[in-house]
Amino acid sequence: MDLRRLVALLMVLLVVQLGLVSFSLGNVVFKVQHKFAGRLRNLTEFKAHDARRHSRLLSAVDLPLGGNGHPAETGLYFAKIGLGNPAKDYYVQVDTGSDILWVNCIGCDKCPTKSDLGIKLTLYDPASSMSATRVSCDDDFCTSTYNGLLPDCKKGLPCQYNVVYGDGSSTAGYFVSDAVQFEQVTGNLQTALSNGTVAFGCGAQQSGGLGTSGEALDGIIGFGQANSSMISQLASAGKVKKAFAHCLDNVNGGGIFAIGELVSPKVNTTPMVPNQSHYNVYMKEIEVGGTVLKLPTDVFDSGDRRGTIIDSGTTLAYLPEVVYDSMMTEIRNHQPGLSLHTVEEQFICFKYSGNVDDGFPDIKFHFQDSLTLTVYPHDYLFQISEDIWCFGWQNGGMQSKDGRDMTLLGDLVLSNKLVLYDIENQAIGWTEHNCSSSIKVKDEKSGSVYSVGAENLSSASPVRGGRIVTFLLLLFAMLHRFT
């Protein structure tokens with residue numbers, strides 16, 4: 001993944017078939033699908049996904065990739081990418097909480113061979129690609145990833161990786177460099193097929209849930225802050241600004257994911273907590289229907305296994321027990337006659353025939369620098385059958401001990417908002433936005449501003465029908481810097 005030596009525009013993802021949602025990276029488009037697209041909403045499945053993910057996100061990970069936690073289970077959104085020459089298709093999780101791109105490789109021990117998602121899994125074979133080369137342990141990418149040479153590194157030896165997660169599952173292998181294809185954005189809603197080269201992990205051995213999941217994918221691509229992440233490498237190579245944004249539409253199934261400079265709409269931001277593995281921010285207070293919750297002063301303190309994480313790879317929203325109890329009490333004060341019951345032994349649900357936006361309070365999270373995140377009843381409540389609604393808020397006290405004091409805000413609160421991750425300036429922000437519309441981005445080379453629109457290809461999906469989310473990642477090459 002040493003992109004610093006690459007010339008021109010490089011990109012990691014390609015999708016050329018219909019049925020996955022459109023993703024554009026800098027001037028590049030690829031398509032992403034929701035993991036649960038076209039499937040009945042299963043509450044236990046959502047919760048199980050988050051539980052597996054959090055055990056890894058919250059662990060003190062012992063690995064040489066900057067000490068970051070990585071999700072080891074297939075995520076909510078996955079893309080179809082083309083790797084190799086000739087190119088073959090691979091399905092990879094798209095995630096803001098992990099830091100490298102890796103796929104399962106030929107000869108892998110305990111790699112999954114089938115998936116319940118209705119997709120064909122493919123093992124990557126470097127020998128079958130005319131453009132594949134191994135990344136050596138003395139390569140710039142490897143030495144920068146590990147902050148120096150690996151022990152016993154000799155010229156020609158491979159650059160290895162080994163990610164161990166909090167629940168004991170792991171992935172290990174070595175890095176390779178190979179060709180990728182992508183759709184380059186050339187103007188307003190215009191693209192052209194292009195190609196490049198990228199370094200990525202070749203998975204040789206998996207253990208735990210990585211090797212046994214019925215919802216397995218071919219790998220993961222991460223957008224974390226570590227130097228090994230794709231966004232960090234593209235930025236260090238001068239290809240993009242170190243910033244990206246996403247807008248997930250849970251109403252129409254469309255969305256946008258963009259790397260580069262966002263021009264419109266304008267987004268106000270709040271500072272990130274420094275020196276954290278994930279996207280942590282400073283929360284100050286929570287307001288329910290105009291009432292500020294009375295909480296302990298240290299409940300939102302930042303630190304190891306504390307603070308507030310913004311994570312699009314998590315389905316629901318998790319709160320420390322004292323916050324959860326106070327919030328739920330105040331919500332019930334707006335509906336004193338509500339009869340609550342438990343569904344699937346873990347979700348608080350109720351019967352309600354009216355408009356939830358009229359009968360339940362808005363919830364506002366207040367962050368440093370006066371940034372507010374408003375969550376509406378139709379966001380934090382979801383319908384599982386006629387007149388039956390459930391709360392998306394989850395009690396962190398019921399989670400693992402590592403997650404009890406942490407606030408984790410996932411898709412439940414991030415949907416239908418344009419969320420900006422400005423890593424370069426260590427800030428995160430958001431604004432209300434119609435995710436089925438468009439945004440404007442700037443081409444760093446030409447200075448041109450392009451409109452990038454979302455698409456909804458759910459009716460064309462050959463994988464699974466139903467809800468598909470469109471992502472657009474915009475990669476703005478600055479070739480003049482290298483000429």
# chains A, B, ... in the order shown; residues from 1 in each chain; ligands from 1
call {"tool": "closest_atom_pairs", "arguments": {"of": "segment 309-336 of chain A", "to": "segment 277-293 of chain A", "cutoff": "10 Å", "atoms": "only C-alpha atoms", "output": "JSON lines"}}
result
{"residue": "A:Ile309", "atom": "CA", "partner": "A:Asn280", "partner_atom": "CA", "distance": 4.4}
{"residue": "A:Ile310", "atom": "CA", "partner": "A:Tyr279", "partner_atom": "CA", "distance": 5.6}
{"residue": "A:Asp311", "atom": "CA", "partner": "A:Tyr279", "partner_atom": "CA", "distance": 7.2}
{"residue": "A:Val323", "atom": "CA", "partner": "A:Leu293", "partner_atom": "CA", "distance": 8.2}
{"residue": "A:Ser326", "atom": "CA", "partner": "A:Leu293", "partner_atom": "CA", "distance": 6.7}
{"residue": "A:Met327", "atom": "CA", "partner": "A:Val288", "partner_atom": "CA", "distance": 7.0}
{"residue": "A:Met328", "atom": "CA", "partner": "A:Val288", "partner_atom": "CA", "distance": 9.3}
{"residue": "A:Thr329", "atom": "CA", "partner": "A:Val288", "partner_atom": "CA", "distance": 10.0}
{"residue": "A:Glu330", "atom": "CA", "partner": "A:Val288", "partner_atom": "CA", "distance": 6.7}
{"residue": "A:Ile331", "atom": "CA", "partner": "A:Val288", "partner_atom": "CA", "distance": 7.0}
{"residue": "A:Asn333", "atom": "CA", "partner": "A:Gly289", "partner_atom": "CA", "distance": 10.0}
{"residue": "A:His334", "atom": "CA", "partner": "A:Gly289", "partner_atom": "CA", "distance": 8.4}
call {"tool": "write_last_selection", "arguments": {"atoms": "all heavy atoms", "output": "mmCIF file, in the first residue's frame"}}
result
data_model
loop_
_atom_site.group_PDB
_atom_site.id
_atom_site.type_symbol
_atom_site.label_atom_id
_atom_site.label_comp_id
_atom_site.auth_asym_id
_atom_site.auth_seq_id
_atom_site.Cartn_x
_atom_site.Cartn_y
_atom_site.Cartn_z
ATOM 1 N N ILE A 309 -17.391 7.903 20.441
ATOM 2 C CA ILE A 309 -16.858 7.484 19.145
ATOM 3 C C ILE A 309 -17.941 7.662 18.080
ATOM 4 O O ILE A 309 -19.089 7.259 18.268
ATOM 5 C CB ILE A 309 -16.402 6.016 19.178
ATOM 6 C CG1 ILE A 309 -15.162 5.871 20.055
ATOM 7 C CG2 ILE A 309 -16.102 5.510 17.774
ATOM 8 C CD1 ILE A 309 -14.660 4.448 20.162
ATOM 9 N N ILE A 310 -17.551 8.264 16.960
ATOM 10 C CA ILE A 310 -18.413 8.351 15.783
ATOM 11 C C ILE A 310 -18.016 7.214 14.862
ATOM 12 O O ILE A 310 -16.883 7.143 14.392
ATOM 13 C CB ILE A 310 -18.243 9.706 15.059
ATOM 14 C CG1 ILE A 310 -18.480 10.871 16.028
ATOM 15 C CG2 ILE A 310 -19.171 9.794 13.857
ATOM 16 C CD1 ILE A 310 -19.884 10.955 16.566
ATOM 17 N N ASP A 311 -18.933 6.289 14.579
ATOM 18 C CA ASP A 311 -18.573 5.073 13.844
ATOM 19 C C ASP A 311 -19.710 4.615 12.937
ATOM 20 O O ASP A 311 -20.713 4.077 13.398
ATOM 21 C CB ASP A 311 -18.213 3.958 14.831
ATOM 22 C CG ASP A 311 -17.856 2.662 14.130
ATOM 23 O OD1 ASP A 311 -17.342 2.726 13.000
ATOM 24 O OD2 ASP A 311 -18.091 1.592 14.696
ATOM 25 N N VAL A 323 -26.293 7.158 31.501
ATOM 26 C CA VAL A 323 -26.848 8.005 30.440
ATOM 27 C C VAL A 323 -28.090 7.353 29.851
ATOM 28 O O VAL A 323 -29.115 8.007 29.648
ATOM 29 C CB VAL A 323 -25.798 8.251 29.338
ATOM 30 C CG1 VAL A 323 -26.401 9.100 28.209
ATOM 31 C CG2 VAL A 323 -24.567 8.929 29.910
ATOM 32 N N SER A 326 -31.133 7.566 32.261
ATOM 33 C CA SER A 326 -31.659 8.927 32.340
ATOM 34 C C SER A 326 -32.390 9.313 31.054
ATOM 35 O O SER A 326 -33.472 9.909 31.103
ATOM 36 C CB SER A 326 -30.513 9.904 32.613
ATOM 37 O OG SER A 326 -30.987 11.230 32.705
ATOM 38 N N MET A 327 -31.828 8.946 29.918
ATOM 39 C CA MET A 327 -32.458 9.278 28.644
ATOM 40 C C MET A 327 -33.791 8.563 28.488
ATOM 41 O O MET A 327 -34.807 9.166 28.116
ATOM 42 C CB MET A 327 -31.534 8.913 27.484
ATOM 43 C CG MET A 327 -32.164 9.143 26.104
ATOM 44 S SD MET A 327 -31.126 8.601 24.737
ATOM 45 C CE MET A 327 -29.842 9.840 24.786
ATOM 46 N N MET A 328 -33.826 7.269 28.775
ATOM 47 C CA MET A 328 -35.053 6.501 28.607
ATOM 48 C C MET A 328 -36.140 6.984 29.569
ATOM 49 O O MET A 328 -37.334 7.004 29.217
ATOM 50 C CB MET A 328 -34.762 5.014 28.809
ATOM 51 C CG MET A 328 -33.877 4.395 27.727
ATOM 52 S SD MET A 328 -34.628 4.419 26.075
ATOM 53 C CE MET A 328 -35.880 3.163 26.277
ATOM 54 N N THR A 329 -35.745 7.372 30.775
ATOM 55 C CA THR A 329 -36.717 7.909 31.731
ATOM 56 C C THR A 329 -37.350 9.181 31.195
ATOM 57 O O THR A 329 -38.580 9.374 31.266
ATOM 58 C CB THR A 329 -36.053 8.179 33.084
ATOM 59 O OG1 THR A 329 -35.570 6.942 33.626
ATOM 60 C CG2 THR A 329 -37.040 8.819 34.054
ATOM 61 N N GLU A 330 -36.539 10.060 30.642
ATOM 62 C CA GLU A 330 -37.056 11.330 30.124
ATOM 63 C C GLU A 330 -37.917 11.118 28.889
ATOM 64 O O GLU A 330 -38.929 11.796 28.693
ATOM 65 C CB GLU A 330 -35.885 12.273 29.799
ATOM 66 C CG GLU A 330 -36.317 13.693 29.465
ATOM 67 C CD GLU A 330 -37.068 14.356 30.606
ATOM 68 O OE1 GLU A 330 -36.716 14.114 31.787
ATOM 69 O OE2 GLU A 330 -38.020 15.118 30.321
ATOM 70 N N ILE A 331 -37.546 10.154 28.044
ATOM 71 C CA ILE A 331 -38.384 9.845 26.875
ATOM 72 C C ILE A 331 -39.747 9.342 27.332
ATOM 73 O O ILE A 331 -40.793 9.750 26.804
ATOM 74 C CB ILE A 331 -37.693 8.797 25.977
ATOM 75 C CG1 ILE A 331 -36.446 9.389 25.303
ATOM 76 C CG2 ILE A 331 -38.662 8.296 24.904
ATOM 77 C CD1 ILE A 331 -35.651 8.387 24.498
ATOM 78 N N ASN A 333 -41.263 10.046 30.009
ATOM 79 C CA ASN A 333 -42.044 11.148 30.584
ATOM 80 C C ASN A 333 -42.921 11.818 29.540
ATOM 81 O O ASN A 333 -43.942 12.427 29.875
ATOM 82 C CB ASN A 333 -41.117 12.184 31.217
ATOM 83 C CG ASN A 333 -40.502 11.702 32.517
ATOM 84 O OD1 ASN A 333 -41.010 10.773 33.147
ATOM 85 N ND2 ASN A 333 -39.405 12.313 32.926
ATOM 86 N N HIS A 334 -42.537 11.697 28.279
ATOM 87 C CA HIS A 334 -43.346 12.256 27.183
ATOM 88 C C HIS A 334 -44.460 11.287 26.776
ATOM 89 O O HIS A 334 -45.382 11.690 26.050
ATOM 90 C CB HIS A 334 -42.452 12.562 25.974
ATOM 91 C CG HIS A 334 -41.555 13.743 26.179
ATOM 92 N ND1 HIS A 334 -41.797 14.984 25.631
ATOM 93 C CD2 HIS A 334 -40.414 13.872 26.896
ATOM 94 C CE1 HIS A 334 -40.843 15.821 25.989
ATOM 95 N NE2 HIS A 334 -39.991 15.172 26.753
#
call {"tool": "select_by_dssp", "arguments": {"residues": "segment 215-359 of chain A", "states": "strand (DSSP E or B)", "output": "ChimeraX atom specification"}}
result
/A:219-222,243-248,255-259,261-264,268-272,280-281,283-288,291-292,303,306-310,317-319,340-343,347-351
call {"tool": "residues_around", "arguments": {"residues": "Trp102 of chain A", "least_positions_apart": "4", "cutoff": "10 Å", "atoms": "only C-alpha atoms", "output": "ChimeraX atom specification"}}
result
/A:92-93,161,171-176,199-203,218-222
call {"tool": "write_last_selection", "arguments": {"atoms": "N, CA, C and O atoms", "output": "short mmCIF file (atom, residue, chain, number, x, y, z; two decimals), in the first residue's frame"}}
result
data_model
loop_
_atom_site.label_atom_id
_atom_site.label_comp_id
_atom_site.auth_asym_id
_atom_site.auth_seq_id
_atom_site.Cartn_x
_atom_site.Cartn_y
_atom_site.Cartn_z
N VAL A 92 -15.57 -6.46 -0.33
CA VAL A 92 -14.87 -6.04 0.89
C VAL A 92 -15.73 -5.09 1.70
O VAL A 92 -16.49 -4.30 1.17
N GLN A 93 -15.60 -5.21 3.01
CA GLN A 93 -16.31 -4.31 3.93
C GLN A 93 -15.73 -2.91 3.80
O GLN A 93 -14.51 -2.72 3.76
N TYR A 161 1.78 -8.87 8.08
CA TYR A 161 0.88 -8.21 9.02
C TYR A 161 0.18 -9.26 9.86
O TYR A 161 0.01 -10.41 9.44
N THR A 171 -6.32 -12.12 11.84
CA THR A 171 -6.00 -12.27 10.43
C THR A 171 -4.50 -12.01 10.27
O THR A 171 -3.95 -11.10 10.91
N ALA A 172 -3.84 -12.82 9.48
CA ALA A 172 -2.41 -12.68 9.28
C ALA A 172 -2.09 -12.95 7.82
O ALA A 172 -2.79 -13.71 7.13
N GLY A 173 -1.03 -12.32 7.34
CA GLY A 173 -0.62 -12.52 5.96
C GLY A 173 0.52 -11.59 5.61
O GLY A 173 1.33 -11.22 6.45
N TYR A 174 0.57 -11.17 4.36
CA TYR A 174 1.63 -10.30 3.89
C TYR A 174 1.05 -9.31 2.88
O TYR A 174 -0.02 -9.51 2.31
N PHE A 175 1.77 -8.21 2.68
CA PHE A 175 1.30 -7.18 1.76
C PHE A 175 1.79 -7.43 0.34
O PHE A 175 2.93 -7.87 0.13
N VAL A 176 0.91 -7.15 -0.61
CA VAL A 176 1.24 -7.23 -2.03
C VAL A 176 0.85 -5.93 -2.71
O VAL A 176 0.07 -5.15 -2.17
N ALA A 199 -1.15 -1.22 -2.81
CA ALA A 199 -0.64 -2.28 -1.95
C ALA A 199 -1.73 -2.66 -0.94
O ALA A 199 -2.43 -1.79 -0.43
N PHE A 200 -1.88 -3.95 -0.66
CA PHE A 200 -2.93 -4.40 0.26
C PHE A 200 -2.51 -5.70 0.90
O PHE A 200 -1.58 -6.38 0.44
N GLY A 201 -3.21 -6.08 1.95
CA GLY A 201 -2.90 -7.30 2.68
C GLY A 201 -3.43 -8.53 1.98
O GLY A 201 -4.58 -8.57 1.54
N CYS A 202 -2.59 -9.54 1.89
CA CYS A 202 -2.98 -10.84 1.33
C CYS A 202 -3.14 -11.80 2.50
O CYS A 202 -2.17 -12.24 3.11
N GLY A 203 -4.39 -12.09 2.86
CA GLY A 203 -4.68 -12.89 4.05
C GLY A 203 -4.31 -14.34 3.87
O GLY A 203 -4.88 -15.02 3.02
N ASP A 218 -14.90 -11.02 1.35
CA ASP A 218 -13.54 -11.34 0.94
C ASP A 218 -12.49 -10.59 1.72
O ASP A 218 -11.32 -10.98 1.73
N GLY A 219 -12.87 -9.49 2.38
CA GLY A 219 -11.89 -8.71 3.12
C GLY A 219 -12.48 -7.43 3.66
O GLY A 219 -13.70 -7.27 3.75
N ILE A 220 -11.61 -6.49 4.00
CA ILE A 220 -11.99 -5.21 4.60
C ILE A 220 -11.15 -4.10 3.99
O ILE A 220 -9.96 -4.28 3.71
N ILE A 221 -11.77 -2.93 3.78
CA ILE A 221 -11.02 -1.74 3.45
C ILE A 221 -11.36 -0.66 4.47
O ILE A 221 -12.53 -0.41 4.75
N GLY A 222 -10.33 -0.09 5.09
CA GLY A 222 -10.55 0.83 6.19
C GLY A 222 -10.22 2.27 5.86
O GLY A 222 -9.38 2.56 5.01
#
call {"tool": "closest_residue", "arguments": {"among": "A:Gln181, A:Thr269, A:Thr407, A:Thr122", "to": "Cys108 of chain A", "atoms": "only C-alpha atoms"}}
result
A:Thr122
call {"tool": "atom_distance", "arguments": {"atom1": "atom CA of Gln383 of chain A", "atom2": "atom CA of Ile256 of chain A"}}
result
24.9 Å
call {"tool": "atom_distance", "arguments": {"atom1": "atom CA of Ala245 of chain A", "atom2": "atom CA of Ile428 of chain A"}}
result
9.4 Å
call {"tool": "closest_residue", "arguments": {"among": "A:Ser129, A:Asn250, A:Thr315, A:Ser370", "to": "Gln394 of chain A", "atoms": "only C-alpha atoms"}}
result
A:Thr315
call {"tool": "residues_around", "arguments": {"residues": "Cys435 of chain A", "least_positions_apart": "3", "cutoff": "6 Å", "atoms": "only C-alpha atoms", "output": "ChimeraX atom specification"}}
result
/A:247,249,255,416
call {"tool": "closest_residue", "arguments": {"among": "A:Gly337, A:Lys110, A:Val413, A:Ser232", "to": "Lys364 of chain A", "atoms": "only C-alpha atoms"}}
result
A:Val413
call {"tool": "residues_around", "arguments": {"residues": "Ser177 of chain A", "least_positions_apart": "3", "cutoff": "12 Å", "atoms": "only C-alpha atoms", "output": "PyMOL selection string"}}
result
chain A and resi 1-3+5-6+12+83-85+101-102+126+129-136+139+141-142+158-159+174+180+196-202
call {"tool": "closest_residue", "arguments": {"among": "A:Asp116, A:Asp138, A:Asp95, A:Glu444", "to": "Pro151 of chain A", "atoms": "only C-alpha atoms"}}
result
A:Asp138
call {"tool": "select_by_dssp", "arguments": {"residues": "segment 393-454 of chain A", "states": "helix (DSSP H, G or I)", "output": "VMD selection string"}}
result
chain A and resid 396 to 398 401 to 403 411 to 414
call {"tool": "residues_around", "arguments": {"residues": "segment 379-381 of chain A", "least_positions_apart": "2", "cutoff": "7 Å", "atoms": "only C-alpha atoms", "output": "NGL selection string"}}
result
:A and (375-377 or 383 or 389-393 or 412-413)
call {"tool": "write_last_selection", "arguments": {"atoms": "N, CA and C atoms", "output": "PDB file, in the first residue's frame"}}
result
ATOM      1  N   VAL A 375     -31.139  14.105  16.868  1.00  0.00           N
ATOM      2  CA  VAL A 375     -31.642  12.796  16.467  1.00  0.00           C
ATOM      3  C   VAL A 375     -33.151  12.803  16.653  1.00  0.00           C
ATOM      4  N   TYR A 376     -33.869  12.560  15.571  1.00  0.00           N
ATOM      5  CA  TYR A 376     -35.322  12.630  15.590  1.00  0.00           C
ATOM      6  C   TYR A 376     -35.928  11.275  15.941  1.00  0.00           C
ATOM      7  N   PRO A 377     -37.166  11.267  16.402  1.00  0.00           N
ATOM      8  CA  PRO A 377     -37.797   9.988  16.759  1.00  0.00           C
ATOM      9  C   PRO A 377     -37.774   8.961  15.631  1.00  0.00           C
ATOM     10  N   GLN A 383     -39.526   0.505  13.189  1.00  0.00           N
ATOM     11  CA  GLN A 383     -40.740  -0.310  13.182  1.00  0.00           C
ATOM     12  C   GLN A 383     -40.401  -1.731  12.759  1.00  0.00           C
ATOM     13  N   TRP A 389     -42.992  -0.637  17.524  1.00  0.00           N
ATOM     14  CA  TRP A 389     -41.763   0.125  17.385  1.00  0.00           C
ATOM     15  C   TRP A 389     -40.765  -0.301  18.456  1.00  0.00           C
ATOM     16  N   CYS A 390     -39.472  -0.138  18.154  1.00  0.00           N
ATOM     17  CA  CYS A 390     -38.415  -0.466  19.118  1.00  0.00           C
ATOM     18  C   CYS A 390     -37.420   0.690  19.212  1.00  0.00           C
ATOM     19  N   PHE A 391     -36.792   0.802  20.371  1.00  0.00           N
ATOM     20  CA  PHE A 391     -35.755   1.809  20.580  1.00  0.00           C
ATOM     21  C   PHE A 391     -34.418   1.316  20.039  1.00  0.00           C
ATOM     22  N   GLY A 392     -33.720   2.196  19.367  1.00  0.00           N
ATOM     23  CA  GLY A 392     -32.385   1.860  18.886  1.00  0.00           C
ATOM     24  C   GLY A 392     -31.302   2.138  19.907  1.00  0.00           C
ATOM     25  N   TRP A 393     -31.637   2.866  20.980  1.00  0.00           N
ATOM     26  CA  TRP A 393     -30.649   3.124  22.033  1.00  0.00           C
ATOM     27  C   TRP A 393     -30.350   1.830  22.772  1.00  0.00           C
ATOM     28  N   LEU A 412     -27.569   4.667  13.484  1.00  0.00           N
ATOM     29  CA  LEU A 412     -28.831   5.127  14.065  1.00  0.00           C
ATOM     30  C   LEU A 412     -28.913   6.643  14.091  1.00  0.00           C
ATOM     31  N   VAL A 413     -27.812   7.312  14.433  1.00  0.00           N
ATOM     32  CA  VAL A 413     -27.819   8.767  14.554  1.00  0.00           C
ATOM     33  C   VAL A 413     -27.128   9.455  13.391  1.00  0.00           C
TER      34      VAL A 413
END
call {"tool": "residues_around", "arguments": {"residues": "Leu123 of chain A", "least_positions_apart": "6", "cutoff": "8 Å", "atoms": "only C-alpha atoms", "output": "PDB file with N, CA, C and O atoms, in the first residue's frame"}}
result
ATOM      1  N   VAL A 103      -7.530  -8.762   1.640  1.00  0.00           N
ATOM      2  CA  VAL A 103      -8.455  -9.763   1.107  1.00  0.00           C
ATOM      3  C   VAL A 103      -7.883 -11.148   1.400  1.00  0.00           C
ATOM      4  O   VAL A 103      -6.671 -11.321   1.546  1.00  0.00           O
ATOM      5  N   ASN A 104      -8.756 -12.136   1.465  1.00  0.00           N
ATOM      6  CA  ASN A 104      -8.326 -13.507   1.675  1.00  0.00           C
ATOM      7  C   ASN A 104      -7.603 -14.029   0.439  1.00  0.00           C
ATOM      8  O   ASN A 104      -8.018 -13.770  -0.697  1.00  0.00           O
ATOM      9  N   CYS A 105      -6.522 -14.771   0.655  1.00  0.00           N
ATOM     10  CA  CYS A 105      -5.680 -15.213  -0.453  1.00  0.00           C
ATOM     11  C   CYS A 105      -5.688 -16.723  -0.639  1.00  0.00           C
ATOM     12  O   CYS A 105      -6.027 -17.481   0.273  1.00  0.00           O
ATOM     13  N   ILE A 106      -5.260 -17.136  -1.809  1.00  0.00           N
ATOM     14  CA  ILE A 106      -5.189 -18.546  -2.156  1.00  0.00           C
ATOM     15  C   ILE A 106      -4.291 -19.276  -1.163  1.00  0.00           C
ATOM     16  O   ILE A 106      -3.259 -18.757  -0.730  1.00  0.00           O
ATOM     17  N   ASP A 218     -14.902 -11.023   1.353  1.00  0.00           N
ATOM     18  CA  ASP A 218     -13.543 -11.341   0.935  1.00  0.00           C
ATOM     19  C   ASP A 218     -12.488 -10.587   1.721  1.00  0.00           C
ATOM     20  O   ASP A 218     -11.321 -10.979   1.729  1.00  0.00           O
TER      21      ASP A 218
END
call {"tool": "closest_residue", "arguments": {"among": "A:Ile348, A:Leu340, A:Ala226, A:Val263", "to": "Lys442 of chain A", "atoms": "only C-alpha atoms"}}
result
A:Val263
call {"tool": "atom_distance", "arguments": {"atom1": "atom CA of Pro271 of chain A", "atom2": "atom CA of Pro320 of chain A"}}
result
21.6 Å
call {"tool": "closest_residue", "arguments": {"among": "A:Glu215, A:Arg332, A:Gly354, A:Leu338", "to": "Glu386 of chain A", "atoms": "only C-alpha atoms"}}
result
A:Gly354
call {"tool": "decode", "arguments": {"residues": "segment 143-149 of chain A", "atoms": "all heavy atoms", "output": "compact mmCIF listing (two decimals), in the first residue's frame"}}
result
# COMPACT_ATOMS: atom_id res chain seq x y z
N THR A 143 8.16 -0.04 6.32
CA THR A 143 8.91 0.62 7.39
C THR A 143 8.11 1.75 8.02
O THR A 143 8.20 2.00 9.23
CB THR A 143 10.25 1.15 6.87
OG1 THR A 143 10.01 2.05 5.77
CG2 THR A 143 11.15 0.01 6.41
N SER A 144 7.30 2.45 7.23
CA SER A 144 6.48 3.52 7.81
C SER A 144 5.32 2.96 8.62
O SER A 144 4.92 3.54 9.63
CB SER A 144 5.95 4.44 6.70
OG SER A 144 5.06 3.75 5.83
N THR A 145 4.80 1.82 8.19
CA THR A 145 3.71 1.19 8.93
C THR A 145 4.17 0.72 10.30
O THR A 145 3.46 0.84 11.29
CB THR A 145 3.14 0.01 8.14
OG1 THR A 145 2.57 0.49 6.92
CG2 THR A 145 2.06 -0.73 8.93
N TYR A 146 5.38 0.17 10.34
CA TYR A 146 5.89 -0.39 11.60
C TYR A 146 6.88 0.52 12.30
O TYR A 146 7.55 0.10 13.25
CB TYR A 146 6.53 -1.75 11.32
CG TYR A 146 5.56 -2.78 10.85
CD1 TYR A 146 5.54 -3.21 9.52
CD2 TYR A 146 4.64 -3.34 11.72
CE1 TYR A 146 4.64 -4.16 9.08
CE2 TYR A 146 3.74 -4.29 11.29
CZ TYR A 146 3.74 -4.70 9.97
OH TYR A 146 2.83 -5.63 9.55
N ASN A 147 7.02 1.74 11.83
CA ASN A 147 7.96 2.70 12.43
C ASN A 147 9.38 2.16 12.46
O ASN A 147 10.11 2.29 13.44
CB ASN A 147 7.52 3.07 13.85
CG ASN A 147 6.19 3.80 13.86
OD1 ASN A 147 5.94 4.67 13.03
ND2 ASN A 147 5.32 3.43 14.80
N GLY A 148 9.77 1.54 11.35
CA GLY A 148 11.12 0.99 11.24
C GLY A 148 11.10 -0.39 10.64
O GLY A 148 10.04 -0.95 10.29
N LEU A 149 12.30 -0.98 10.51
CA LEU A 149 12.40 -2.32 9.95
C LEU A 149 11.84 -3.36 10.91
O LEU A 149 12.00 -3.26 12.13
CB LEU A 149 13.85 -2.66 9.64
CG LEU A 149 14.50 -1.94 8.44
CD1 LEU A 149 15.99 -2.28 8.39
CD2 LEU A 149 13.81 -2.32 7.14
